[in-house]
file upload-v2.pdb (PDB, C-alpha atoms and all ligand atoms)
ATOM      1  CA  MET A  85     149.708 140.878 -83.178  1.00  0.00           C
ATOM      2  CA  ALA A  86     149.849 143.950 -80.917  1.00  0.00           C
ATOM      3  CA  LYS A  87     151.667 143.449 -77.644  1.00  0.00           C
ATOM      4  CA  LYS A  88     149.402 143.111 -74.598  1.00  0.00           C
ATOM      5  CA  PRO A  89     149.450 146.222 -72.366  1.00  0.00           C
ATOM      6  CA  LEU A  90     151.544 145.889 -69.228  1.00  0.00           C
ATOM      7  CA  ARG A  91     149.232 145.560 -66.222  1.00  0.00           C
ATOM      8  CA  ILE A  92     150.325 147.996 -63.543  1.00  0.00           C
ATOM      9  CA  ALA A  93     149.277 148.616 -59.953  1.00  0.00           C
ATOM     10  CA  VAL A  94     150.370 151.963 -58.534  1.00  0.00           C
ATOM     11  CA  LEU A  95     150.835 152.433 -54.791  1.00  0.00           C
ATOM     12  CA  VAL A  96     150.381 155.989 -53.562  1.00  0.00           C
ATOM     13  CA  SER A  97     150.072 158.014 -50.368  1.00  0.00           C
ATOM     14  CA  GLY A  98     149.523 161.580 -51.530  1.00  0.00           C
ATOM     15  CA  ASN A  99     149.181 163.923 -54.459  1.00  0.00           C
ATOM     16  CA  GLY A 100     149.698 161.417 -57.271  1.00  0.00           C
ATOM     17  CA  SER A 101     151.145 163.688 -59.956  1.00  0.00           C
ATOM     18  CA  ASN A 102     153.368 160.830 -61.140  1.00  0.00           C
ATOM     19  CA  LEU A 103     150.329 158.572 -61.280  1.00  0.00           C
ATOM     20  CA  GLN A 104     148.632 161.289 -63.347  1.00  0.00           C
ATOM     21  CA  VAL A 105     151.461 161.261 -65.873  1.00  0.00           C
ATOM     22  CA  LEU A 106     151.149 157.484 -66.273  1.00  0.00           C
ATOM     23  CA  MET A 107     147.355 157.688 -66.612  1.00  0.00           C
ATOM     24  CA  ASP A 108     147.659 160.441 -69.231  1.00  0.00           C
ATOM     25  CA  LYS A 109     150.142 158.386 -71.228  1.00  0.00           C
ATOM     26  CA  GLN A 110     147.897 155.338 -71.024  1.00  0.00           C
ATOM     27  CA  LEU A 111     145.018 157.430 -72.339  1.00  0.00           C
ATOM     28  CA  SER A 112     147.037 158.924 -75.175  1.00  0.00           C
ATOM     29  CA  GLN A 113     148.469 155.448 -75.886  1.00  0.00           C
ATOM     30  CA  THR A 114     152.005 156.707 -75.656  1.00  0.00           C
ATOM     31  CA  LEU A 115     152.609 153.946 -73.127  1.00  0.00           C
ATOM     32  CA  ASN A 116     151.339 150.433 -73.756  1.00  0.00           C
ATOM     33  CA  ILE A 117     150.069 150.023 -70.204  1.00  0.00           C
ATOM     34  CA  HIS A 118     146.869 149.285 -68.358  1.00  0.00           C
ATOM     35  CA  ILE A 119     146.757 150.739 -64.858  1.00  0.00           C
ATOM     36  CA  VAL A 120     144.541 148.108 -63.289  1.00  0.00           C
ATOM     37  CA  GLY A 121     144.409 149.548 -59.789  1.00  0.00           C
ATOM     38  CA  VAL A 122     145.626 152.255 -57.444  1.00  0.00           C
ATOM     39  CA  ILE A 123     146.285 151.263 -53.848  1.00  0.00           C
ATOM     40  CA  SER A 124     146.562 153.954 -51.186  1.00  0.00           C
ATOM     41  CA  ASN A 125     147.517 153.723 -47.533  1.00  0.00           C
ATOM     42  CA  LYS A 126     145.868 157.144 -46.984  1.00  0.00           C
ATOM     43  CA  GLN A 127     142.137 157.529 -47.384  1.00  0.00           C
ATOM     44  CA  ASN A 128     142.455 161.245 -48.182  1.00  0.00           C
ATOM     45  CA  ALA A 129     145.198 160.944 -50.827  1.00  0.00           C
ATOM     46  CA  TYR A 130     144.445 163.210 -53.776  1.00  0.00           C
ATOM     47  CA  ALA A 131     145.819 160.433 -55.993  1.00  0.00           C
ATOM     48  CA  LEU A 132     142.582 158.532 -55.317  1.00  0.00           C
ATOM     49  CA  ILE A 133     140.519 161.321 -56.844  1.00  0.00           C
ATOM     50  CA  ARG A 134     142.791 161.382 -59.872  1.00  0.00           C
ATOM     51  CA  ALA A 135     142.334 157.618 -60.312  1.00  0.00           C
ATOM     52  CA  GLN A 136     138.561 157.799 -59.854  1.00  0.00           C
ATOM     53  CA  ASN A 137     138.371 160.577 -62.449  1.00  0.00           C
ATOM     54  CA  ALA A 138     140.109 158.223 -64.848  1.00  0.00           C
ATOM     55  CA  ASN A 139     137.807 155.303 -63.939  1.00  0.00           C
ATOM     56  CA  ILE A 140     140.656 153.317 -62.470  1.00  0.00           C
ATOM     57  CA  PRO A 141     139.719 151.041 -59.549  1.00  0.00           C
ATOM     58  CA  THR A 142     140.996 152.324 -56.204  1.00  0.00           C
ATOM     59  CA  PHE A 143     141.761 150.389 -53.055  1.00  0.00           C
ATOM     60  CA  VAL A 144     142.161 152.208 -49.750  1.00  0.00           C
ATOM     61  CA  ILE A 145     143.945 150.249 -47.049  1.00  0.00           C
ATOM     62  CA  ASP A 146     144.168 152.817 -44.280  1.00  0.00           C
ATOM     63  CA  LYS A 147     141.981 152.458 -41.193  1.00  0.00           C
ATOM     64  CA  ASP A 148     139.830 149.633 -39.842  1.00  0.00           C
ATOM     65  CA  GLU A 149     136.189 149.983 -38.801  1.00  0.00           C
ATOM     66  CA  HIS A 150     137.307 151.528 -35.465  1.00  0.00           C
ATOM     67  CA  GLN A 151     139.310 154.191 -37.367  1.00  0.00           C
ATOM     68  CA  LYS A 152     142.573 152.581 -36.249  1.00  0.00           C
ATOM     69  CA  THR A 153     145.326 152.552 -38.858  1.00  0.00           C
ATOM     70  CA  TYR A 154     146.039 149.004 -39.988  1.00  0.00           C
ATOM     71  CA  PRO A 155     149.240 147.538 -38.584  1.00  0.00           C
ATOM     72  CA  ARG A 156     151.918 147.287 -41.258  1.00  0.00           C
ATOM     73  CA  ALA A 157     151.568 143.515 -41.684  1.00  0.00           C
ATOM     74  CA  GLU A 158     147.820 143.776 -42.154  1.00  0.00           C
ATOM     75  CA  PHE A 159     148.257 146.524 -44.738  1.00  0.00           C
ATOM     76  CA  GLU A 160     150.717 144.337 -46.618  1.00  0.00           C
ATOM     77  CA  ARG A 161     148.546 141.205 -46.526  1.00  0.00           C
ATOM     78  CA  ARG A 162     145.615 143.179 -47.865  1.00  0.00           C
ATOM     79  CA  ALA A 163     147.702 144.864 -50.549  1.00  0.00           C
ATOM     80  CA  LEU A 164     149.043 141.487 -51.739  1.00  0.00           C
ATOM     81  CA  ALA A 165     145.493 140.174 -51.917  1.00  0.00           C
ATOM     82  CA  VAL A 166     144.554 143.158 -54.096  1.00  0.00           C
ATOM     83  CA  LEU A 167     147.518 142.519 -56.387  1.00  0.00           C
ATOM     84  CA  ASP A 168     146.335 138.923 -56.799  1.00  0.00           C
ATOM     85  CA  THR A 169     142.858 139.975 -57.856  1.00  0.00           C
ATOM     86  CA  LEU A 170     144.329 142.417 -60.412  1.00  0.00           C
ATOM     87  CA  ALA A 171     146.765 140.006 -62.134  1.00  0.00           C
ATOM     88  CA  VAL A 172     149.475 142.638 -62.134  1.00  0.00           C
ATOM     89  CA  ASP A 173     152.759 142.540 -64.102  1.00  0.00           C
ATOM     90  CA  LEU A 174     154.461 145.557 -62.514  1.00  0.00           C
ATOM     91  CA  VAL A 175     154.053 147.316 -59.168  1.00  0.00           C
ATOM     92  CA  VAL A 176     154.975 151.016 -59.174  1.00  0.00           C
ATOM     93  CA  LEU A 177     155.553 152.910 -55.938  1.00  0.00           C
ATOM     94  CA  ALA A 178     154.908 156.555 -56.839  1.00  0.00           C
ATOM     95  CA  GLY A 179     154.887 158.775 -53.783  1.00  0.00           C
ATOM     96  CA  PHE A 180     154.153 155.782 -51.583  1.00  0.00           C
ATOM     97  CA  MET A 181     155.381 156.796 -48.137  1.00  0.00           C
ATOM     98  CA  LYS A 182     155.052 153.614 -46.091  1.00  0.00           C
ATOM     99  CA  ILE A 183     158.125 151.484 -45.577  1.00  0.00           C
ATOM    100  CA  LEU A 184     157.483 147.969 -46.850  1.00  0.00           C
ATOM    101  CA  THR A 185     158.635 144.897 -44.972  1.00  0.00           C
ATOM    102  CA  PRO A 186     159.857 141.535 -46.286  1.00  0.00           C
ATOM    103  CA  LEU A 187     156.290 140.240 -46.001  1.00  0.00           C
ATOM    104  CA  PHE A 188     155.227 142.399 -48.941  1.00  0.00           C
ATOM    105  CA  ILE A 189     158.511 142.495 -50.818  1.00  0.00           C
ATOM    106  CA  ASP A 190     158.983 138.713 -50.706  1.00  0.00           C
ATOM    107  CA  GLY A 191     155.312 138.308 -51.576  1.00  0.00           C
ATOM    108  CA  VAL A 192     155.788 140.386 -54.708  1.00  0.00           C
ATOM    109  CA  GLN A 193     158.962 138.507 -55.631  1.00  0.00           C
ATOM    110  CA  ALA A 194     157.291 135.134 -55.003  1.00  0.00           C
ATOM    111  CA  ARG A 195     154.712 136.151 -57.610  1.00  0.00           C
ATOM    112  CA  ASN A 196     157.609 136.906 -59.974  1.00  0.00           C
ATOM    113  CA  LEU A 197     156.465 140.518 -60.341  1.00  0.00           C
ATOM    114  CA  ALA A 198     158.678 143.529 -60.816  1.00  0.00           C
ATOM    115  CA  MET A 199     158.391 146.397 -58.333  1.00  0.00           C
ATOM    116  CA  ILE A 200     159.946 149.821 -58.836  1.00  0.00           C
ATOM    117  CA  ASN A 201     160.146 152.942 -56.698  1.00  0.00           C
ATOM    118  CA  LEU A 202     160.696 156.565 -57.546  1.00  0.00           C
ATOM    119  CA  HIS A 203     163.102 158.291 -55.187  1.00  0.00           C
ATOM    120  CA  PRO A 204     164.049 161.984 -55.207  1.00  0.00           C
ATOM    121  CA  SER A 205     167.838 161.701 -55.104  1.00  0.00           C
ATOM    122  CA  ILE A 206     170.767 160.392 -57.091  1.00  0.00           C
ATOM    123  CA  LEU A 207     170.946 157.027 -55.356  1.00  0.00           C
ATOM    124  CA  PRO A 208     172.881 155.624 -53.583  1.00  0.00           C
ATOM    125  CA  ASP A 209     173.233 159.145 -52.127  1.00  0.00           C
ATOM    126  CA  TYR A 210     170.480 160.612 -49.942  1.00  0.00           C
ATOM    127  CA  LYS A 211     168.280 157.659 -49.195  1.00  0.00           C
ATOM    128  CA  GLY A 212     165.283 158.387 -46.970  1.00  0.00           C
ATOM    129  CA  LEU A 213     163.338 161.604 -46.464  1.00  0.00           C
ATOM    130  CA  ASP A 214     163.924 165.361 -46.904  1.00  0.00           C
ATOM    131  CA  THR A 215     166.400 164.822 -49.688  1.00  0.00           C
ATOM    132  CA  HIS A 216     166.135 168.345 -51.143  1.00  0.00           C
ATOM    133  CA  THR A 217     166.971 170.076 -47.856  1.00  0.00           C
ATOM    134  CA  ARG A 218     169.777 167.652 -47.085  1.00  0.00           C
ATOM    135  CA  VAL A 219     171.330 168.035 -50.533  1.00  0.00           C
ATOM    136  CA  LEU A 220     171.331 171.844 -50.225  1.00  0.00           C
ATOM    137  CA  ARG A 221     172.686 171.765 -46.693  1.00  0.00           C
ATOM    138  CA  ALA A 222     175.562 169.556 -47.830  1.00  0.00           C
ATOM    139  CA  GLY A 223     176.466 172.026 -50.593  1.00  0.00           C
ATOM    140  CA  GLU A 224     176.025 169.508 -53.405  1.00  0.00           C
ATOM    141  CA  ILE A 225     176.395 170.774 -56.953  1.00  0.00           C
ATOM    142  CA  GLN A 226     173.783 168.468 -58.447  1.00  0.00           C
ATOM    143  CA  HIS A 227     170.612 166.632 -57.491  1.00  0.00           C
ATOM    144  CA  GLY A 228     168.144 164.367 -59.202  1.00  0.00           C
ATOM    145  CA  CYS A 229     165.824 161.414 -58.975  1.00  0.00           C
ATOM    146  CA  SER A 230     166.117 157.671 -59.442  1.00  0.00           C
ATOM    147  CA  VAL A 231     163.908 154.765 -60.371  1.00  0.00           C
ATOM    148  CA  HIS A 232     165.080 151.588 -58.704  1.00  0.00           C
ATOM    149  CA  LEU A 233     163.984 148.045 -58.039  1.00  0.00           C
ATOM    150  CA  VAL A 234     162.488 147.551 -54.600  1.00  0.00           C
ATOM    151  CA  THR A 235     164.332 145.109 -52.425  1.00  0.00           C
ATOM    152  CA  GLN A 236     164.334 144.554 -48.698  1.00  0.00           C
ATOM    153  CA  GLU A 237     166.865 147.297 -47.975  1.00  0.00           C
ATOM    154  CA  LEU A 238     165.310 150.791 -48.112  1.00  0.00           C
ATOM    155  CA  ASP A 239     166.025 152.669 -51.393  1.00  0.00           C
ATOM    156  CA  ALA A 240     168.836 150.214 -52.159  1.00  0.00           C
ATOM    157  CA  GLY A 241     167.605 147.913 -54.937  1.00  0.00           C
ATOM    158  CA  GLN A 242     169.267 148.070 -58.347  1.00  0.00           C
ATOM    159  CA  THR A 243     168.954 151.553 -59.825  1.00  0.00           C
ATOM    160  CA  ILE A 244     167.574 151.500 -63.362  1.00  0.00           C
ATOM    161  CA  ALA A 245     167.734 155.148 -64.407  1.00  0.00           C
ATOM    162  CA  GLN A 246     168.433 158.598 -63.016  1.00  0.00           C
ATOM    163  CA  ALA A 247     167.692 162.159 -64.065  1.00  0.00           C
ATOM    164  CA  ILE A 248     170.296 164.646 -62.884  1.00  0.00           C
ATOM    165  CA  THR A 249     170.346 168.443 -62.848  1.00  0.00           C
ATOM    166  CA  PRO A 250     172.766 171.059 -61.510  1.00  0.00           C
ATOM    167  CA  ILE A 251     171.770 172.969 -58.393  1.00  0.00           C
ATOM    168  CA  LEU A 252     171.175 176.581 -59.385  1.00  0.00           C
ATOM    169  CA  PRO A 253     172.462 179.668 -57.563  1.00  0.00           C
ATOM    170  CA  ASN A 254     169.968 180.810 -54.877  1.00  0.00           C
ATOM    171  CA  GLU A 255     168.168 177.487 -55.033  1.00  0.00           C
ATOM    172  CA  SER A 256     165.741 176.759 -52.174  1.00  0.00           C
ATOM    173  CA  ALA A 257     164.435 173.379 -51.098  1.00  0.00           C
ATOM    174  CA  ASP A 258     161.137 174.428 -52.611  1.00  0.00           C
ATOM    175  CA  THR A 259     162.449 175.351 -56.059  1.00  0.00           C
ATOM    176  CA  LEU A 260     164.630 172.272 -56.094  1.00  0.00           C
ATOM    177  CA  GLN A 261     161.732 170.041 -55.152  1.00  0.00           C
ATOM    178  CA  LYS A 262     159.652 171.478 -58.009  1.00  0.00           C
ATOM    179  CA  ARG A 263     162.427 170.960 -60.546  1.00  0.00           C
ATOM    180  CA  ILE A 264     163.077 167.390 -59.395  1.00  0.00           C
ATOM    181  CA  HIS A 265     159.358 166.656 -59.501  1.00  0.00           C
ATOM    182  CA  ALA A 266     159.303 167.728 -63.158  1.00  0.00           C
ATOM    183  CA  LEU A 267     162.197 165.376 -63.867  1.00  0.00           C
ATOM    184  CA  GLU A 268     160.363 162.523 -62.147  1.00  0.00           C
ATOM    185  CA  HIS A 269     157.491 163.061 -64.565  1.00  0.00           C
ATOM    186  CA  GLN A 270     159.868 162.274 -67.414  1.00  0.00           C
ATOM    187  CA  LEU A 271     161.917 159.548 -65.774  1.00  0.00           C
ATOM    188  CA  LEU A 272     159.155 157.295 -64.451  1.00  0.00           C
ATOM    189  CA  PRO A 273     157.258 156.907 -67.763  1.00  0.00           C
ATOM    190  CA  MET A 274     160.524 156.250 -69.544  1.00  0.00           C
ATOM    191  CA  VAL A 275     161.340 153.325 -67.254  1.00  0.00           C
ATOM    192  CA  VAL A 276     157.759 152.051 -67.380  1.00  0.00           C
ATOM    193  CA  HIS A 277     158.015 152.128 -71.184  1.00  0.00           C
ATOM    194  CA  TRP A 278     161.070 149.850 -71.048  1.00  0.00           C
ATOM    195  CA  PHE A 279     159.102 147.350 -68.979  1.00  0.00           C
ATOM    196  CA  ALA A 280     156.077 147.625 -71.279  1.00  0.00           C
ATOM    197  CA  GLU A 281     158.215 146.968 -74.343  1.00  0.00           C
ATOM    198  CA  GLY A 282     160.008 144.021 -72.750  1.00  0.00           C
ATOM    199  CA  GLN A 283     163.321 145.878 -72.772  1.00  0.00           C
ATOM    200  CA  ILE A 284     163.616 145.220 -69.058  1.00  0.00           C
ATOM    201  CA  VAL A 285     162.554 141.865 -67.708  1.00  0.00           C
ATOM    202  CA  ILE A 286     162.559 140.606 -64.147  1.00  0.00           C
ATOM    203  CA  ASP A 287     162.680 136.876 -63.734  1.00  0.00           C
ATOM    204  CA  ASN A 288     163.432 135.041 -60.545  1.00  0.00           C
ATOM    205  CA  LYS A 289     164.528 138.349 -58.885  1.00  0.00           C
ATOM    206  CA  THR A 290     167.039 138.980 -61.676  1.00  0.00           C
ATOM    207  CA  LEU A 291     166.886 141.935 -64.015  1.00  0.00           C
ATOM    208  CA  THR A 292     167.909 141.592 -67.651  1.00  0.00           C
ATOM    209  CA  HIS A 293     167.694 144.363 -70.216  1.00  0.00           C
ATOM    210  CA  ASN A 294     168.620 145.289 -73.759  1.00  0.00           C
ATOM    211  CA  LEU A 295     169.047 149.019 -73.229  1.00  0.00           C
ATOM    212  CA  GLY A 296     172.492 149.011 -74.757  1.00  0.00           C
ATOM    213  CA  ALA A 297     174.340 150.555 -71.805  1.00  0.00           C
ATOM    214  CA  PRO A 298     175.060 149.509 -68.245  1.00  0.00           C
ATOM    215  CA  LEU A 299     172.526 150.492 -65.593  1.00  0.00           C
ATOM    216  CA  PRO A 300     171.783 152.963 -64.225  1.00  0.00           C
ATOM    217  CA  LEU A 301     171.132 155.010 -67.320  1.00  0.00           C
ATOM    218  CA  ARG A 302     171.859 158.635 -66.424  1.00  0.00           C
ATOM    219  CA  LEU A 303     170.125 161.520 -68.122  1.00  0.00           C
ATOM    220  CA  TYR A 304     171.524 164.994 -67.563  1.00  0.00           C
ATOM    221  CA  TYR A 305     169.285 168.063 -67.696  1.00  0.00           C
ATOM    222  CA  SER A 306     170.421 171.690 -67.535  1.00  0.00           C
TER     223      SER A 306
HETATM  224  C1  LIG B 401     157.897 162.313 -55.395  1.00  0.00           C
HETATM  225  O1  LIG B 401     158.728 163.386 -55.134  1.00  0.00           O
HETATM  226  C2  LIG B 401     158.642 161.020 -55.187  1.00  0.00           C
HETATM  227  O2  LIG B 401     159.987 161.089 -55.485  1.00  0.00           O
HETATM  228  C3  LIG B 401     158.453 160.763 -53.741  1.00  0.00           C
HETATM  229  O3  LIG B 401     157.139 161.214 -53.512  1.00  0.00           O
HETATM  230  C4  LIG B 401     156.784 162.225 -54.438  1.00  0.00           C
HETATM  231  C5  LIG B 401     155.506 161.853 -55.096  1.00  0.00           C
HETATM  232  O4  LIG B 401     154.905 162.851 -55.805  1.00  0.00           O
HETATM  233  N1  LIG B 401     158.698 159.382 -53.429  1.00  0.00           N
HETATM  234  P1  LIG B 401     153.478 162.642 -56.429  1.00  0.00           P
HETATM  235  O5  LIG B 401     152.548 162.105 -55.339  1.00  0.00           O
HETATM  236  O6  LIG B 401     153.581 161.668 -57.557  1.00  0.00           O
HETATM  237  O7  LIG B 401     153.027 163.993 -56.887  1.00  0.00           O
END
call {"tool": "encode", "arguments": {"input": "upload-v2.pdb", "output": "structure tokens", "more": "lines below"}}
Ligand code: GRF
result
Amino acid sequence: MAKKPLRIAVLVSGNGSNLQVLMDKQLSQTLNIHIVGVISNKQNAYALIRAQNANIPTFVIDKDEHQKTYPRAEFERRALAVLDTLAVDLVVLAGFMKILTPLFIDGVQARNLAMINLHPSILPDYKGLDTHTRVLRAGEIQHGCSVHLVTQELDAGQTIAQAITPILPNESADTLQKRIHALEHQLLPMVVHWFAEGQIVIDNKTLTHNLGAPLPLRLYYS
């Protein structure tokens, strides 16, 4: 019998190009996934339009009826409630720019769900924002992106896989950002595929895998 598609909720704040890649691969059946909902903390995120175009349910948790942004805890309670209605297997943070607190992270873990984040650096280096500028300023010779488990400490959960590329002569933050973005579009679906195929399993906060090499898997691009 065919394996059931992995039910995924994607949390976004902006453009949603990584969401687009996942939706395209769902449509072309190159990933055995079902994106059951897209949750945004920004009502004007372009990712919402992408999801609507693909007939994927969207959930905006941004401002209350007085146009006041929801306090963090209220956002998280509402997002957990959405996850419950969707019967999700995996939560993907793809360009989700709000820092999550233990309320949400413990809530996800209590439901025995996996949650991964895409971060534009070779973790554990360059956690946080503005990674491309900081990497250039520090004179690094390479940069990349990581997919990692989300735990209570920001950008510090177990790293599953990384895509790495050399920094080119005359590189600007802009060119670097574009090149890393393109790598993200390859890395995220690859990791999602491992979850969908049961090659990575999270149970009781513990990751097990049969990928045949220690994590993180590192992929080098020229
Ligand atoms: C990516 O660069 C990701 O690493 C960061 O936010 C960006 C999201 O891009 N967390 P997009 O919204 O998927 O286009």
call {"tool": "resolve_selection", "arguments": {"input": "upload-v2.pdb", "expression": "the PyMOL selection byres (((not hetatm)) within 8 of (chain B and resi 401))", "output": "number ranges by chain"}}
result
A: 96-104, 131, 177-181, 201-205, 229, 261, 264-265, 268
call {"tool": "resolve_selection", "arguments": {"input": "upload-v2.pdb", "expression": "the PyMOL selection byres (((chain A and resi 121) around 9) and not hetatm)", "output": "PyMOL selection string"}}
result
chain A and resi 91-95+118-120+122-123+135+140-143+166-167+170+172
call {"tool": "residues_around", "arguments": {"input": "upload-v2.pdb", "residues": "Leu90 in chain A", "least_positions_apart": "3", "cutoff": "7 Å", "atoms": "all atoms listed in the file", "output": "JSON list (two decimals) with C-alpha atoms, in the coordinates of the input"}}
result
[["chain", "number", "residue", "atom", "x", "y", "z"],
["A", 116, "ASN", "CA", 151.34, 150.43, -73.76],
["A", 117, "ILE", "CA", 150.07, 150.02, -70.20],
["A", 118, "HIS", "CA", 146.87, 149.28, -68.36],
["A", 173, "ASP", "CA", 152.76, 142.54, -64.10],
["A", 280, "ALA", "CA", 156.08, 147.62, -71.28]]
call {"tool": "closest_residue", "arguments": {"input": "upload-v2.pdb", "among": "A:Asp287, A:Asp239, A:Glu224, A:Glu158", "to": "Ile200 in chain A", "atoms": "only C-alpha atoms"}}
result
A:Asp239
call {"tool": "closest_residue", "arguments": {"input": "upload-v2.pdb", "among": "A:Leu260, A:Asn288, A:Asn137, A:Arg162", "to": "Arg218 in chain A", "atoms": "only C-alpha atoms"}}
result
A:Leu260
call {"tool": "axis_aligned_box", "arguments": {"input": "upload-v2.pdb", "around": "range 175-192 of chain A", "padding_each_side": "4 Å", "output": "lines of an AutoDock Vina configuration file"}}
result
center_x = 157.0
center_y = 148.5
center_z = -52.1
size_x = 13.8
size_y = 28.5
size_z = 22.2
call {"tool": "closest_residue", "arguments": {"input": "upload-v2.pdb", "among": "A:His293, A:His227, A:His277, A:Arg161", "to": "Val192 in chain A", "atoms": "only C-alpha atoms"}}
result
A:Arg161
call {"tool": "decode", "arguments": {"input": "upload-v2.pdb", "residues": "range 277-299 of chain A", "atoms": "N, CA and C atoms", "output": "PDB file, in the first residue's frame"}}
result
ATOM      1  N   HIS A 277      11.842  15.416   2.410  1.00  0.00           N
ATOM      2  CA  HIS A 277      11.744  14.079   1.801  1.00  0.00           C
ATOM      3  C   HIS A 277      12.149  12.993   2.818  1.00  0.00           C
ATOM      4  N   TRP A 278      13.217  13.243   3.554  1.00  0.00           N
ATOM      5  CA  TRP A 278      13.649  12.238   4.544  1.00  0.00           C
ATOM      6  C   TRP A 278      12.564  12.000   5.589  1.00  0.00           C
ATOM      7  N   PHE A 279      11.911  13.085   6.008  1.00  0.00           N
ATOM      8  CA  PHE A 279      10.800  12.909   6.959  1.00  0.00           C
ATOM      9  C   PHE A 279       9.661  12.137   6.295  1.00  0.00           C
ATOM     10  N   ALA A 280       9.342  12.513   5.067  1.00  0.00           N
ATOM     11  CA  ALA A 280       8.191  11.891   4.376  1.00  0.00           C
ATOM     12  C   ALA A 280       8.414  10.406   4.155  1.00  0.00           C
ATOM     13  N   GLU A 281       9.669  10.023   3.960  1.00  0.00           N
ATOM     14  CA  GLU A 281       9.978   8.612   3.709  1.00  0.00           C
ATOM     15  C   GLU A 281      10.270   7.841   4.996  1.00  0.00           C
ATOM     16  N   GLY A 282      10.160   8.507   6.125  1.00  0.00           N
ATOM     17  CA  GLY A 282      10.421   7.831   7.401  1.00  0.00           C
ATOM     18  C   GLY A 282      11.900   7.592   7.652  1.00  0.00           C
ATOM     19  N   GLN A 283      12.753   8.309   6.907  1.00  0.00           N
ATOM     20  CA  GLN A 283      14.197   8.136   7.130  1.00  0.00           C
ATOM     21  C   GLN A 283      14.672   8.943   8.331  1.00  0.00           C
ATOM     22  N   ILE A 284      13.878   9.932   8.693  1.00  0.00           N
ATOM     23  CA  ILE A 284      14.109  10.662   9.946  1.00  0.00           C
ATOM     24  C   ILE A 284      12.813  10.567  10.733  1.00  0.00           C
ATOM     25  N   VAL A 285      12.957  10.197  11.992  1.00  0.00           N
ATOM     26  CA  VAL A 285      11.775  10.080  12.848  1.00  0.00           C
ATOM     27  C   VAL A 285      12.061  10.814  14.149  1.00  0.00           C
ATOM     28  N   ILE A 286      11.065  11.575  14.601  1.00  0.00           N
ATOM     29  CA  ILE A 286      11.187  12.209  15.912  1.00  0.00           C
ATOM     30  C   ILE A 286      10.210  11.508  16.836  1.00  0.00           C
ATOM     31  N   ASP A 287      10.717  11.016  17.943  1.00  0.00           N
ATOM     32  CA  ASP A 287       9.817  10.410  18.910  1.00  0.00           C
ATOM     33  C   ASP A 287      10.294  10.816  20.288  1.00  0.00           C
ATOM     34  N   ASN A 288       9.368  11.336  21.063  1.00  0.00           N
ATOM     35  CA  ASN A 288       9.699  11.755  22.415  1.00  0.00           C
ATOM     36  C   ASN A 288      10.934  12.667  22.412  1.00  0.00           C
ATOM     37  N   LYS A 289      10.923  13.671  21.517  1.00  0.00           N
ATOM     38  CA  LYS A 289      11.966  14.701  21.374  1.00  0.00           C
ATOM     39  C   LYS A 289      13.291  14.150  20.850  1.00  0.00           C
ATOM     40  N   THR A 290      13.331  12.863  20.495  1.00  0.00           N
ATOM     41  CA  THR A 290      14.596  12.284  20.059  1.00  0.00           C
ATOM     42  C   THR A 290      14.542  11.961  18.573  1.00  0.00           C
ATOM     43  N   LEU A 291      15.617  12.371  17.888  1.00  0.00           N
ATOM     44  CA  LEU A 291      15.683  12.117  16.451  1.00  0.00           C
ATOM     45  C   LEU A 291      16.424  10.813  16.188  1.00  0.00           C
ATOM     46  N   THR A 292      15.845   9.955  15.357  1.00  0.00           N
ATOM     47  CA  THR A 292      16.585   8.802  14.843  1.00  0.00           C
ATOM     48  C   THR A 292      16.512   8.857  13.323  1.00  0.00           C
ATOM     49  N   HIS A 293      17.537   8.313  12.686  1.00  0.00           N
ATOM     50  CA  HIS A 293      17.549   8.365  11.213  1.00  0.00           C
ATOM     51  C   HIS A 293      18.317   7.184  10.660  1.00  0.00           C
ATOM     52  N   ASN A 294      18.095   6.929   9.376  1.00  0.00           N
ATOM     53  CA  ASN A 294      18.859   5.860   8.708  1.00  0.00           C
ATOM     54  C   ASN A 294      19.541   6.435   7.472  1.00  0.00           C
ATOM     55  N   LEU A 295      20.118   7.610   7.615  1.00  0.00           N
ATOM     56  CA  LEU A 295      20.708   8.289   6.458  1.00  0.00           C
ATOM     57  C   LEU A 295      22.121   7.803   6.149  1.00  0.00           C
ATOM     58  N   GLY A 296      22.644   6.971   6.994  1.00  0.00           N
ATOM     59  CA  GLY A 296      23.911   6.315   6.677  1.00  0.00           C
ATOM     60  C   GLY A 296      25.140   7.155   6.953  1.00  0.00           C
ATOM     61  N   ALA A 297      24.989   8.289   7.588  1.00  0.00           N
ATOM     62  CA  ALA A 297      26.137   9.134   7.945  1.00  0.00           C
ATOM     63  C   ALA A 297      25.711   9.976   9.133  1.00  0.00           C
ATOM     64  N   PRO A 298      26.683  10.403   9.942  1.00  0.00           N
ATOM     65  CA  PRO A 298      26.291  11.225  11.090  1.00  0.00           C
ATOM     66  C   PRO A 298      25.735  12.581  10.644  1.00  0.00           C
ATOM     67  N   LEU A 299      24.828  13.114  11.432  1.00  0.00           N
ATOM     68  CA  LEU A 299      24.280  14.446  11.141  1.00  0.00           C
ATOM     69  C   LEU A 299      25.193  15.509  11.724  1.00  0.00           C
TER      70      LEU A 299
END
